[in-house]
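A.B. asks: Below is the file target.tsv, which contains TSV, C-alpha atoms and all ligand atoms.
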```tsv
chain	number	residue	atom	x	y	z
J	850	MET	CA	0.98	-5.34	13.73
J	851	GLN	CA	3.24	-2.43	14.75
J	852	VAL	CA	2.99	-0.36	11.55
J	853	PRO	CA	0.08	2.00	10.92
J	854	ALA	CA	-1.99	1.85	7.75
J	855	THR	CA	-1.31	4.55	5.16
J	856	PHE	CA	-2.65	7.97	6.14
J	857	GLY	CA	-2.54	11.58	4.96
J	858	TYR	CA	-1.32	14.50	7.07
J	859	GLU	CA	-2.49	18.10	7.28
J	860	LEU	CA	-0.95	20.76	9.52
J	861	ALA	CA	-3.77	23.04	10.67
J	862	PRO	CA	-2.78	26.73	10.60
J	863	ASP	CA	-5.33	27.88	13.18
J	864	LEU	CA	-8.65	26.88	14.77
J	865	ALA	CA	-10.78	27.90	11.78
J	866	GLY	CA	-8.40	26.05	9.48
J	867	ALA	CA	-8.48	22.91	11.62
J	868	LEU	CA	-12.28	22.85	11.67
J	869	ALA	CA	-12.38	23.37	7.89
J	870	LEU	CA	-9.92	20.49	7.36
J	871	LEU	CA	-11.93	18.15	9.62
J	872	ALA	CA	-15.13	19.01	7.78
J	873	ARG	CA	-13.50	18.61	4.35
J	874	HIS	CA	-11.91	15.21	5.07
J	875	GLY	CA	-15.02	13.75	6.75
J	876	PRO	CA	-15.56	11.22	9.55
J	877	ASP	CA	-12.41	9.18	8.81
J	878	ALA	CA	-10.10	12.12	9.56
J	879	ARG	CA	-8.90	12.58	13.14
J	880	PRO	CA	-7.27	15.48	14.97
J	881	ILE	CA	-3.90	14.64	16.48
J	882	ALA	CA	-2.70	16.43	19.63
J	883	GLY	CA	0.11	14.82	21.66
J	884	GLY	CA	-0.28	11.57	19.74
J	885	HIS	CA	0.41	9.46	22.83
J	886	SER	CA	-2.87	7.58	22.57
J	887	LEU	CA	-3.72	7.90	18.88
J	888	LEU	CA	-0.36	6.79	17.44
J	889	PRO	CA	-0.16	3.58	19.53
J	890	MET	CA	-3.72	2.77	18.47
J	891	MET	CA	-2.79	3.35	14.82
J	892	LYS	CA	0.25	1.08	15.15
J	893	LEU	CA	-2.01	-1.64	16.53
J	894	ARG	CA	-4.56	-0.85	13.78
J	895	LEU	CA	-7.19	-0.19	16.41
J	896	ALA	CA	-7.55	3.20	14.68
J	897	GLU	CA	-7.11	3.73	10.94
J	898	PRO	CA	-7.74	7.42	10.19
J	899	THR	CA	-7.34	8.34	6.53
J	900	VAL	CA	-6.02	11.81	7.42
J	901	LEU	CA	-4.46	13.25	10.57
J	902	VAL	CA	-5.20	16.92	11.22
J	903	ASP	CA	-2.34	18.20	13.36
J	904	ILE	CA	-3.58	20.76	15.90
J	905	ASN	CA	-0.23	21.36	17.62
J	906	GLY	CA	0.13	24.83	16.03
J	907	LEU	CA	-3.14	26.15	17.46
J	908	THR	CA	-1.88	28.70	19.98
J	909	GLU	CA	-5.49	29.72	20.76
J	910	LEU	CA	-5.90	26.26	22.42
J	911	GLY	CA	-3.10	26.92	24.94
J	912	GLY	CA	-2.88	28.40	28.42
J	913	ILE	CA	-4.18	27.93	31.95
J	914	THR	CA	-5.97	31.13	32.97
J	915	VAL	CA	-8.24	32.40	35.72
J	916	ASP	CA	-11.42	33.52	33.99
J	917	GLY	CA	-13.84	35.08	36.52
J	918	ASP	CA	-14.87	32.37	38.99
J	919	ALA	CA	-13.43	29.56	36.86
J	920	ILE	CA	-10.09	28.28	35.64
J	921	ARG	CA	-9.81	27.70	31.90
J	922	PHE	CA	-7.51	25.03	30.47
J	923	GLY	CA	-6.87	25.24	26.73
J	924	ALA	CA	-7.29	21.84	25.10
J	925	MET	CA	-3.63	21.79	23.99
J	926	VAL	CA	-2.26	22.35	27.49
J	927	ARG	CA	0.27	19.55	28.13
J	928	HIS	CA	0.24	17.38	31.24
J	929	ALA	CA	3.60	18.93	32.24
J	930	GLU	CA	2.11	22.44	32.17
J	931	VAL	CA	-0.69	21.34	34.52
J	932	LEU	CA	1.87	19.83	36.86
J	933	ASP	CA	3.98	23.02	36.90
J	934	SER	CA	1.10	25.52	37.09
J	935	ALA	CA	0.99	27.85	40.13
J	936	VAL	CA	-2.74	28.43	39.52
J	937	VAL	CA	-3.37	24.68	39.68
J	938	ALA	CA	-1.23	24.30	42.80
J	939	GLU	CA	-3.20	27.05	44.54
J	940	HIS	CA	-6.77	26.18	43.51
J	941	LEU	CA	-6.89	22.62	42.16
J	942	PRO	CA	-4.36	20.37	43.95
J	943	ILE	CA	-6.33	17.31	42.75
J	944	LEU	CA	-4.91	17.95	39.26
J	945	ARG	CA	-1.36	18.32	40.53
J	946	ASP	CA	-1.75	15.07	42.51
J	947	ALA	CA	-3.11	13.31	39.40
J	948	GLU	CA	-0.44	14.65	37.05
J	949	ARG	CA	2.34	13.41	39.34
J	950	VAL	CA	1.19	9.84	38.69
J	951	ILE	CA	0.28	10.04	34.99
J	952	ALA	CA	2.80	8.07	32.94
J	953	ASP	CA	6.32	9.54	32.81
J	954	PRO	CA	7.94	12.87	31.80
J	955	LEU	CA	8.09	11.87	28.10
J	956	VAL	CA	4.34	11.32	27.95
J	957	ARG	CA	3.60	14.33	30.15
J	958	ASN	CA	5.63	16.63	27.90
J	959	ARG	CA	3.47	15.83	24.86
J	960	GLY	CA	0.09	14.49	26.04
J	961	THR	CA	-2.66	17.11	26.33
J	962	VAL	CA	-5.70	17.85	28.45
J	963	GLY	CA	-8.00	17.72	25.40
J	964	GLY	CA	-6.47	14.52	24.04
J	965	SER	CA	-6.82	12.82	27.40
J	966	LEU	CA	-10.52	13.66	27.71
J	967	CYS	CA	-11.22	12.77	24.07
J	968	GLN	CA	-9.44	9.43	24.29
J	969	ALA	CA	-12.01	8.47	26.97
J	970	ASP	CA	-9.94	5.55	28.20
J	971	PRO	CA	-11.73	4.14	31.29
J	972	SER	CA	-8.41	4.31	33.18
J	973	GLU	CA	-7.79	7.95	32.29
J	974	ASP	CA	-6.78	9.92	35.39
J	975	LEU	CA	-7.67	13.43	34.20
J	976	SER	CA	-11.20	12.34	33.27
J	977	ALA	CA	-11.75	11.15	36.85
J	978	ALA	CA	-10.22	14.32	38.31
J	979	PHE	CA	-12.19	16.70	36.05
J	980	SER	CA	-15.38	14.74	36.82
J	981	ALA	CA	-14.79	15.15	40.55
J	982	LEU	CA	-14.27	18.88	39.94
J	983	GLY	CA	-17.54	19.22	38.00
J	984	ALA	CA	-15.74	20.68	34.98
J	985	THR	CA	-17.35	21.82	31.74
J	986	VAL	CA	-15.95	20.93	28.32
J	987	VAL	CA	-16.01	23.57	25.57
J	988	ILE	CA	-16.58	22.08	22.10
J	989	THR	CA	-16.19	24.17	18.96
J	990	SER	CA	-17.45	23.62	15.42
J	991	ARG	CA	-17.74	25.93	12.41
J	992	ASP	CA	-21.19	26.89	13.78
J	993	GLY	CA	-19.76	28.15	17.09
J	994	GLU	CA	-19.19	26.94	20.64
J	995	ARG	CA	-21.22	24.67	22.88
J	996	THR	CA	-20.52	23.51	26.42
J	997	VAL	CA	-21.06	20.05	27.87
J	998	PRO	CA	-20.69	19.08	31.55
J	999	VAL	CA	-17.82	16.60	31.76
J	1000	ARG	CA	-20.24	14.13	33.38
J	1001	GLU	CA	-22.18	14.08	30.09
J	1002	PHE	CA	-19.14	14.29	27.85
J	1003	HIS	CA	-18.06	10.63	28.15
J	1004	ARG	CA	-20.61	8.37	26.49
J	1005	GLY	CA	-18.79	5.12	27.31
J	1006	PRO	CA	-15.32	3.62	26.82
J	1007	TYR	CA	-13.56	5.54	24.00
J	1008	GLU	CA	-16.77	7.43	23.14
J	1009	THR	CA	-17.44	11.12	23.70
J	1010	ALA	CA	-19.90	13.87	22.78
J	1011	VAL	CA	-17.49	15.31	20.16
J	1012	ALA	CA	-18.59	15.00	16.52
J	1013	HIS	CA	-16.09	14.33	13.72
J	1014	ASP	CA	-16.08	17.98	12.59
J	1015	GLU	CA	-15.71	19.44	16.10
J	1016	LEU	CA	-12.80	20.04	18.44
J	1017	VAL	CA	-12.57	20.27	22.19
J	1018	THR	CA	-11.11	23.73	22.66
J	1019	ALA	CA	-11.09	24.18	26.46
J	1020	VAL	CA	-12.08	22.81	29.85
J	1021	ARG	CA	-13.50	25.11	32.51
J	1022	VAL	CA	-13.35	24.32	36.24
J	1023	PRO	CA	-15.32	26.36	38.80
J	1024	ILE	CA	-13.40	27.88	41.73
J	1025	ARG	CA	-15.39	27.11	44.88
J	1026	PRO	CA	-14.87	28.69	48.33
J	1027	ALA	CA	-13.81	26.59	51.34
J	1028	THR	CA	-12.96	23.70	49.04
J	1029	GLY	CA	-10.08	21.25	49.02
J	1030	SER	CA	-9.22	18.40	46.68
J	1031	ALA	CA	-6.91	15.40	46.38
J	1032	TYR	CA	-6.15	12.42	44.09
J	1033	GLU	CA	-4.54	9.05	44.76
J	1034	LYS	CA	-3.78	6.13	42.52
J	1035	VAL	CA	-2.50	2.60	43.07
J	1036	GLU	CA	-0.29	1.42	40.20
J	1037	ARG	CA	1.73	-1.75	39.77
J	1038	ARG	CA	4.88	0.22	39.03
J	1039	THR	CA	5.75	3.88	38.56
J	1040	GLY	CA	4.26	5.28	35.34
J	1041	ASP	CA	1.75	2.48	34.84
J	1042	TRP	CA	-1.97	2.90	34.35
J	1043	ALA	CA	-4.08	2.68	37.51
J	1044	VAL	CA	-5.12	-0.54	39.22
J	1045	ALA	CA	-7.64	1.83	40.81
J	1046	ALA	CA	-7.64	5.59	41.43
J	1047	ALA	CA	-9.87	8.08	43.21
J	1048	GLY	CA	-10.13	11.86	43.43
J	1049	ALA	CA	-12.20	13.90	45.88
J	1050	VAL	CA	-13.31	17.53	45.96
J	1051	VAL	CA	-14.83	18.53	49.31
J	1052	SER	CA	-16.52	21.87	50.11
J	1053	LEU	CA	-17.08	22.67	53.79
J	1054	ASP	CA	-19.30	24.93	55.83
J	1055	GLY	CA	-17.66	24.68	59.23
J	1056	HIS	CA	-17.48	20.95	59.94
J	1057	THR	CA	-20.22	20.01	57.47
J	1058	VAL	CA	-19.66	18.78	53.92
J	1059	VAL	CA	-21.87	20.94	51.68
J	1060	ARG	CA	-20.67	19.45	48.41
J	1061	ALA	CA	-18.55	16.45	47.46
J	1062	GLY	CA	-17.27	15.43	44.03
J	1063	ILE	CA	-15.76	11.95	43.81
J	1064	GLY	CA	-14.10	10.67	40.64
J	1065	LEU	CA	-12.93	7.11	40.00
J	1066	ALA	CA	-10.64	5.71	37.30
J	1067	ALA	CA	-10.12	2.12	36.10
J	1068	VAL	CA	-13.00	0.59	38.09
J	1069	GLY	CA	-15.96	0.86	35.69
J	1070	ALA	CA	-17.64	3.86	37.35
J	1071	GLU	CA	-20.25	5.42	35.05
J	1072	HIS	CA	-18.98	8.82	33.85
J	1073	PHE	CA	-15.94	8.29	36.14
J	1074	VAL	CA	-18.14	9.29	39.12
J	1075	ALA	CA	-19.10	7.72	42.48
J	1076	ALA	CA	-22.51	9.42	42.55
J	1077	GLU	CA	-23.97	7.45	45.49
J	1078	ALA	CA	-20.97	8.25	47.67
J	1079	GLU	CA	-21.22	11.96	46.76
J	1080	GLU	CA	-24.87	11.95	47.75
J	1081	ALA	CA	-24.12	10.25	51.08
J	1082	LEU	CA	-21.56	12.92	51.97
J	1083	ARG	CA	-23.79	15.92	51.25
J	1084	GLY	CA	-24.73	17.40	54.66
J	1085	ALA	CA	-22.62	14.86	56.57
J	1086	PRO	CA	-20.06	15.84	59.20
J	1087	ALA	CA	-16.50	15.96	57.84
J	1088	THR	CA	-15.28	13.05	59.93
J	1089	ALA	CA	-13.21	9.92	59.33
J	1090	GLU	CA	-16.42	7.87	59.79
J	1091	SER	CA	-18.28	9.79	57.05
J	1092	PHE	CA	-15.36	9.43	54.64
J	1093	ALA	CA	-14.99	5.71	55.39
J	1094	GLU	CA	-18.70	5.26	54.72
J	1095	ALA	CA	-18.36	7.15	51.41
J	1096	GLY	CA	-15.54	4.77	50.50
J	1097	ARG	CA	-17.65	1.75	51.38
J	1098	ILE	CA	-20.52	3.04	49.20
J	1099	ALA	CA	-18.20	3.86	46.28
J	1100	ALA	CA	-16.66	0.36	46.49
J	1101	GLU	CA	-20.11	-1.23	46.47
J	1102	HIS	CA	-21.39	0.69	43.43
J	1103	CYS	CA	-18.35	0.68	41.11
J	1104	ARG	CA	-18.00	-2.11	38.54
J	1105	PRO	CA	-14.37	-3.17	38.18
J	1106	THR	CA	-13.39	-6.12	36.03
J	1107	ALA	CA	-10.69	-8.69	36.75
J	1108	ASP	CA	-7.59	-8.32	34.57
J	1109	GLN	CA	-3.79	-8.49	34.77
J	1110	ARG	CA	-3.89	-5.60	37.30
J	1111	GLY	CA	-5.93	-7.55	39.84
J	1112	PRO	CA	-9.17	-9.28	40.80
J	1113	VAL	CA	-12.49	-7.52	41.40
J	1114	ASP	CA	-12.45	-7.75	45.21
J	1115	TYR	CA	-8.99	-6.21	45.41
J	1116	LYS	CA	-10.03	-3.27	43.20
J	1117	ARG	CA	-13.17	-2.68	45.28
J	1118	HIS	CA	-11.04	-2.72	48.42
J	1119	LEU	CA	-8.71	-0.12	46.88
J	1120	VAL	CA	-11.67	2.11	45.95
J	1121	GLY	CA	-12.88	2.06	49.56
J	1122	VAL	CA	-9.47	3.01	50.92
J	1123	LEU	CA	-8.65	5.62	48.24
J	1124	VAL	CA	-12.02	7.40	48.47
J	1125	ALA	CA	-11.77	7.65	52.28
J	1126	ARG	CA	-8.18	8.87	52.08
J	1127	THR	CA	-8.72	11.47	49.36
J	1128	CYS	CA	-11.86	12.82	51.07
J	1129	HIS	CA	-9.88	13.16	54.28
J	1130	ARG	CA	-7.02	14.98	52.56
J	1131	ALA	CA	-9.41	17.19	50.55
J	1132	ALA	CA	-11.20	18.24	53.75
J	1133	ALA	CA	-7.88	19.01	55.44
J	1134	ARG	CA	-6.89	21.15	52.46
J	1135	ALA	CA	-10.27	22.92	52.58
J	1136	ARG	CA	-9.47	23.83	56.19
J	1137	GLY	CA	-6.02	25.04	55.11
J	1138	GLU	CA	-4.26	22.37	57.18
J	1139	VAL	CA	-2.04	20.94	54.41
G	1	LIG	C1	3.24	4.83	27.97
G	1	LIG	C2	2.02	5.63	28.28
G	1	LIG	C3	1.54	5.64	29.59
G	1	LIG	C4	0.40	6.38	29.90
G	1	LIG	N1	-0.04	6.37	31.20
G	1	LIG	C5	-1.13	7.10	31.52
G	1	LIG	C6	-1.60	7.12	32.86
G	1	LIG	O1	-1.03	6.53	33.77
G	1	LIG	N2	-2.72	7.83	33.12
G	1	LIG	C7	-3.39	8.53	32.14
G	1	LIG	O2	-4.39	9.16	32.44
G	1	LIG	N3	-2.94	8.54	30.86
G	1	LIG	C8	-1.85	7.84	30.53
G	1	LIG	N4	-1.41	7.83	29.23
G	1	LIG	C9	-2.16	8.58	28.20
G	1	LIG	C10	-1.63	9.99	28.07
G	1	LIG	O3	-2.15	10.76	29.14
G	1	LIG	C11	-2.05	10.64	26.72
G	1	LIG	O4	-1.40	11.83	26.59
G	1	LIG	C12	-3.50	10.99	26.58
G	1	LIG	O5	-4.30	9.88	26.77
G	1	LIG	C13	-3.85	11.49	25.17
G	1	LIG	O6	-3.45	12.78	24.99
G	1	LIG	P1	-2.78	13.18	23.59
G	1	LIG	O7	-2.70	14.66	23.56
G	1	LIG	O8	-1.54	12.42	23.40
G	1	LIG	O9	-3.93	12.71	22.55
G	1	LIG	P2	-3.82	12.07	21.10
G	1	LIG	O10	-3.18	10.73	21.16
G	1	LIG	O11	-3.26	13.04	20.15
G	1	LIG	O12	-5.39	11.92	20.77
G	1	LIG	C14	-6.20	11.03	21.50
G	1	LIG	C15	-7.61	11.06	20.89
G	1	LIG	O13	-8.23	12.33	21.14
G	1	LIG	C16	-8.53	13.00	19.91
G	1	LIG	N5	-8.25	14.41	20.17
G	1	LIG	C17	-7.09	14.93	20.63
G	1	LIG	N6	-7.24	16.24	20.89
G	1	LIG	C18	-8.51	16.56	20.55
G	1	LIG	C19	-9.27	17.77	20.60
G	1	LIG	N7	-8.75	18.92	21.06
G	1	LIG	N8	-10.56	17.74	20.18
G	1	LIG	C20	-11.10	16.58	19.73
G	1	LIG	N9	-10.44	15.39	19.68
G	1	LIG	C21	-9.15	15.40	20.09
G	1	LIG	C22	-7.69	12.34	18.85
G	1	LIG	O14	-8.28	12.41	17.57
G	1	LIG	C23	-7.64	10.90	19.37
G	1	LIG	O15	-8.83	10.23	19.03
G	1	LIG	C24	-0.29	7.11	28.89
G	1	LIG	C25	0.21	7.10	27.58
G	1	LIG	C26	1.34	6.36	27.27
G	1	LIG	C27	1.86	6.38	25.86
```
Mind converting the file's structure to structure tokens?
C.D. replies:
Amino acid sequence: MQVPATFGYELAPDLAGALALLARHGPDARPIAGGHSLLPMMKLRLAEPTVLVDINGLTELGGITVDGDAIRFGAMVRHAEVLDSAVVAEHLPILRDAERVIADPLVRNRGTVGGSLCQADPSEDLSAAFSALGATVVITSRDGERTVPVREFHRGPYETAVAHDELVTAVRVPIRPATGSAYEKVERRTGDWAVAAAGAVVSLDGHTVVRAGIGLAAVGAEHFVAAEAEEALRGAPATAESFAEAGRIAAEHCRPTADQRGPVDYKRHLVGVLVARTCHRAAARARGEV
């Protein structure tokens, strides 16, 4: 079925208005941001919201700004803005790497940071990248704001911590010293979803890894994270051997499934290679080498 069920439409005037509309229309209403995930799901009747609350006019949900020792992304920031951002290029190259391989310019011009996280697709690249970065998600309701670590935000495939009368309003990423980051994805063809993807954030003290964040997409990693590999890297020397071992551990602990993109063994192999490679590149960036 390629035609959505009947639905109502409300254009929210501002954040307070959007939250009031969501509360008034109840659990069957849904906010719509870029629409690049929700509309296809409605056409397939995998989602049948009774009312769409359009949040595209909410200017307070825009902007990428440095806010103390963190970078704040408004929920309505489009993929294309992340890709073009000088702040992102300077501090968070993992996001620029990821955005280069998300879909195509049409999708990147409309799809949003908030929509991507809220869709909670297990193959979602930004969820893996923000998890590696240890980001915090800001959720707003009529009662005020609360913050949730991104690693607690995703409750499972297509499930998040956001209630029906709440909106994600921002994502905050800490700026860490002596830190580099990188993201790589293997796709069957340009613009496709990942066969497997990995992102790494490596903080160094001299030649020692003091903190590592490793995110995985499309391979069944809980909360998009390779926690055992992160743990193995903490305190390890920043060498090719350490990064290869982190890749081996990540490959062992992820849980990919066989599908049209490839068999399980192939995906595990990719995880091993991509984790080692992104850790290596992140460490080089932390040292200012690339
Ligand atoms: C052809 C195609 C290829 C793609 N390829 C990739 C890819 O390779 N990698 C990748 O990561 N993604 C890919 N995507 C997904 C793309 O990144 C979408 O933009 C993204 O998943 C959803 O963002 P959106 O703003 O369009 O959200 P929408 O479709 O508007 O919304 C998605 C969900 O989030 C909810 N929502 C939206 N905003 C908020 C908010 N602020 N607060 C609470 N709930 C909210 C909606 O109610 C809905 O349930 C692809 C999409 C398409 C169409």
A.B. asks: Give me, as CSV, the closest atom pair and its distance (Å, one decimal) for every residue of stretch 1091-1120 of chain J within a cut-off of 12 Å of stretch 1067-1072 of chain J, counting only C-alpha atoms, rows sorted by chain and rising number.
C.D. replies:
```
residue,atom,partner,partner_atom,distance
J:Ala1099,CA,J:Ala1070,CA,8.9
J:Ala1100,CA,J:Val1068,CA,9.2
J:Glu1101,CA,J:Ala1070,CA,10.7
J:His1102,CA,J:Ala1070,CA,7.8
J:Cys1103,CA,J:Ala1070,CA,5.0
J:Arg1104,CA,J:Gly1069,CA,4.6
J:Pro1105,CA,J:Val1068,CA,4.0
J:Thr1106,CA,J:Val1068,CA,7.0
J:Ala1107,CA,J:Val1068,CA,9.7
J:Asp1108,CA,J:Ala1067,CA,10.9
J:Arg1110,CA,J:Ala1067,CA,10.0
J:Gly1111,CA,J:Val1068,CA,10.9
J:Pro1112,CA,J:Val1068,CA,10.9
J:Val1113,CA,J:Val1068,CA,8.8
J:Asp1114,CA,J:Val1068,CA,11.0
J:Tyr1115,CA,J:Val1068,CA,10.8
J:Lys1116,CA,J:Val1068,CA,7.1
J:Arg1117,CA,J:Val1068,CA,7.9
J:His1118,CA,J:Val1068,CA,11.0
J:Leu1119,CA,J:Val1068,CA,9.8
J:Val1120,CA,J:Val1068,CA,8.1
```
A.B. asks: Could the residues in this selection be saved with C-alpha atoms as an mmCIF file, in the frame of the given file?
C.D. replies:
```
data_model
loop_
_atom_site.group_PDB
_atom_site.id
_atom_site.type_symbol
_atom_site.label_atom_id
_atom_site.label_comp_id
_atom_site.auth_asym_id
_atom_site.auth_seq_id
_atom_site.Cartn_x
_atom_site.Cartn_y
_atom_site.Cartn_z
ATOM 1 C CA ALA J 1099 -18.200 3.860 46.280
ATOM 2 C CA ALA J 1100 -16.660 0.360 46.490
ATOM 3 C CA GLU J 1101 -20.110 -1.230 46.470
ATOM 4 C CA HIS J 1102 -21.390 0.690 43.430
ATOM 5 C CA CYS J 1103 -18.350 0.680 41.110
ATOM 6 C CA ARG J 1104 -18.000 -2.110 38.540
ATOM 7 C CA PRO J 1105 -14.370 -3.170 38.180
ATOM 8 C CA THR J 1106 -13.390 -6.120 36.030
ATOM 9 C CA ALA J 1107 -10.690 -8.690 36.750
ATOM 10 C CA ASP J 1108 -7.590 -8.320 34.570
ATOM 11 C CA ARG J 1110 -3.890 -5.600 37.300
ATOM 12 C CA GLY J 1111 -5.930 -7.550 39.840
ATOM 13 C CA PRO J 1112 -9.170 -9.280 40.800
ATOM 14 C CA VAL J 1113 -12.490 -7.520 41.400
ATOM 15 C CA ASP J 1114 -12.450 -7.750 45.210
ATOM 16 C CA TYR J 1115 -8.990 -6.210 45.410
ATOM 17 C CA LYS J 1116 -10.030 -3.270 43.200
ATOM 18 C CA ARG J 1117 -13.170 -2.680 45.280
ATOM 19 C CA HIS J 1118 -11.040 -2.720 48.420
ATOM 20 C CA LEU J 1119 -8.710 -0.120 46.880
ATOM 21 C CA VAL J 1120 -11.670 2.110 45.950
#
```
A.B. asks: Enumerate as a PyMOL selection string the residues within 7 Å of ligand LIG 1 (chain G), counting all atoms listed in the file.
C.D. replies: chain J and resi 879-888+924-925+950-953+956-957+959-965+967-968+972-975+1011+1015-1018+1040-1043
A.B. asks: Which value, in Å to one decimal, gives the distance between atom CA of J:Leu860 and atom CA of J:Val902?
C.D. replies: 6.0 Å
A.B. asks: Record the distance separating atom CA of J:Thr899 and atom CA of J:Leu871, expressed in Å with one decimal.
C.D. replies: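 Going from atom CA of J:Thr899 over to atom CA of J:Leu871, I get 11.3 Å.
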A.B. asks: Just to confirm, what's the straight-line distance from atom CA of J:Leu982 to atom CA of J:His1013 in Å (one decimal)?
C.D. replies: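 Taking atom CA of J:Leu982 as the start and atom CA of J:His1013 as the end point, the length is 26.7 Å.
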A.B. asks: Identify which of the residues J:Gly1121, J:Pro1023, J:Pro876, J:Pro898 lies closest to J:Val915, counting all atoms listed in the file when measuring atom-to-atom distances.
C.D. replies: J:Pro1023
A.B. asks: For J:Val1074, list every protein, DNA or RNA residue within 6 Å, evaluated using only C-alpha atoms, and leave out those in the same chain fewer than 5 positions away; present the list as a list in words.
C.D. replies: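 Neighbouring residues, sequence-local ones excluded: Ile1063, Gly1064 and Leu1065 of chain J.
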A.B. asks: Measuring atom to atom with all atoms listed in the file, identify which of J:Leu1082, J:Ile943, J:Val1022, J:Val1139 is nearest to J:Arg1060.
C.D. replies: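 Looking at the shortest contact to J:Arg1060, the residue is J:Leu1082.
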A.B. asks: Nearest to J:Ala1066: which of J:Ala947, J:His940, J:Pro998, J:Ala1010 is it, counting all atoms listed in the file?
C.D. replies: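 Of J:Ala947, J:His940, J:Pro998, J:Ala1010, the one nearest J:Ala1066 is J:Ala947, counting all atoms listed in the file.
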A.B. asks: Set the distance at 7 Å and use all atoms listed in the file: which residues neighbour stretch 850-856 of chain J once local chain neighbours fewer than 2 positions away are removed? I'd like the list as a ChimeraX atom specification.
C.D. replies: /J:858,891-894,897-900
A.B. asks: Show me, as a list in words, the residues that have an atom within 12 Å of J:Pro954 when counting only C-alpha atoms, minus same-chain residues fewer than 6 positions from it.
C.D. replies: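 Final neighbour list, sorted by chain and number: Arg927, His928, Ala929, Glu930, Leu932, Glu948, Gly960, Thr1039 and Gly1040 of chain J.
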A.B. asks: For J:Leu864, find every residue with an atom within 10 Å (counting only C-alpha atoms), except residues of its own chain fewer than 6 positions away, and show them as number ranges by chain.
C.D. replies: J: 870, 904, 906-910, 989-991, 1016, 1018
A.B. asks: Kindly indicate which residue among J:Val1124, J:Ala1089, J:Ala861, J:Val937 lies nearest to J:Asn905, using only C-alpha atoms for the distances.
C.D. replies: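 Closest candidate: J:Ala861.
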A.B. asks: Quick one: of J:Ala1061, J:Val1122, J:Val987, J:Val1051, who's nearest to J:Ala1135, counting only C-alpha atoms?
C.D. replies: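 The shortest atom-to-atom distance to J:Ala1135 comes from J:Val1051.
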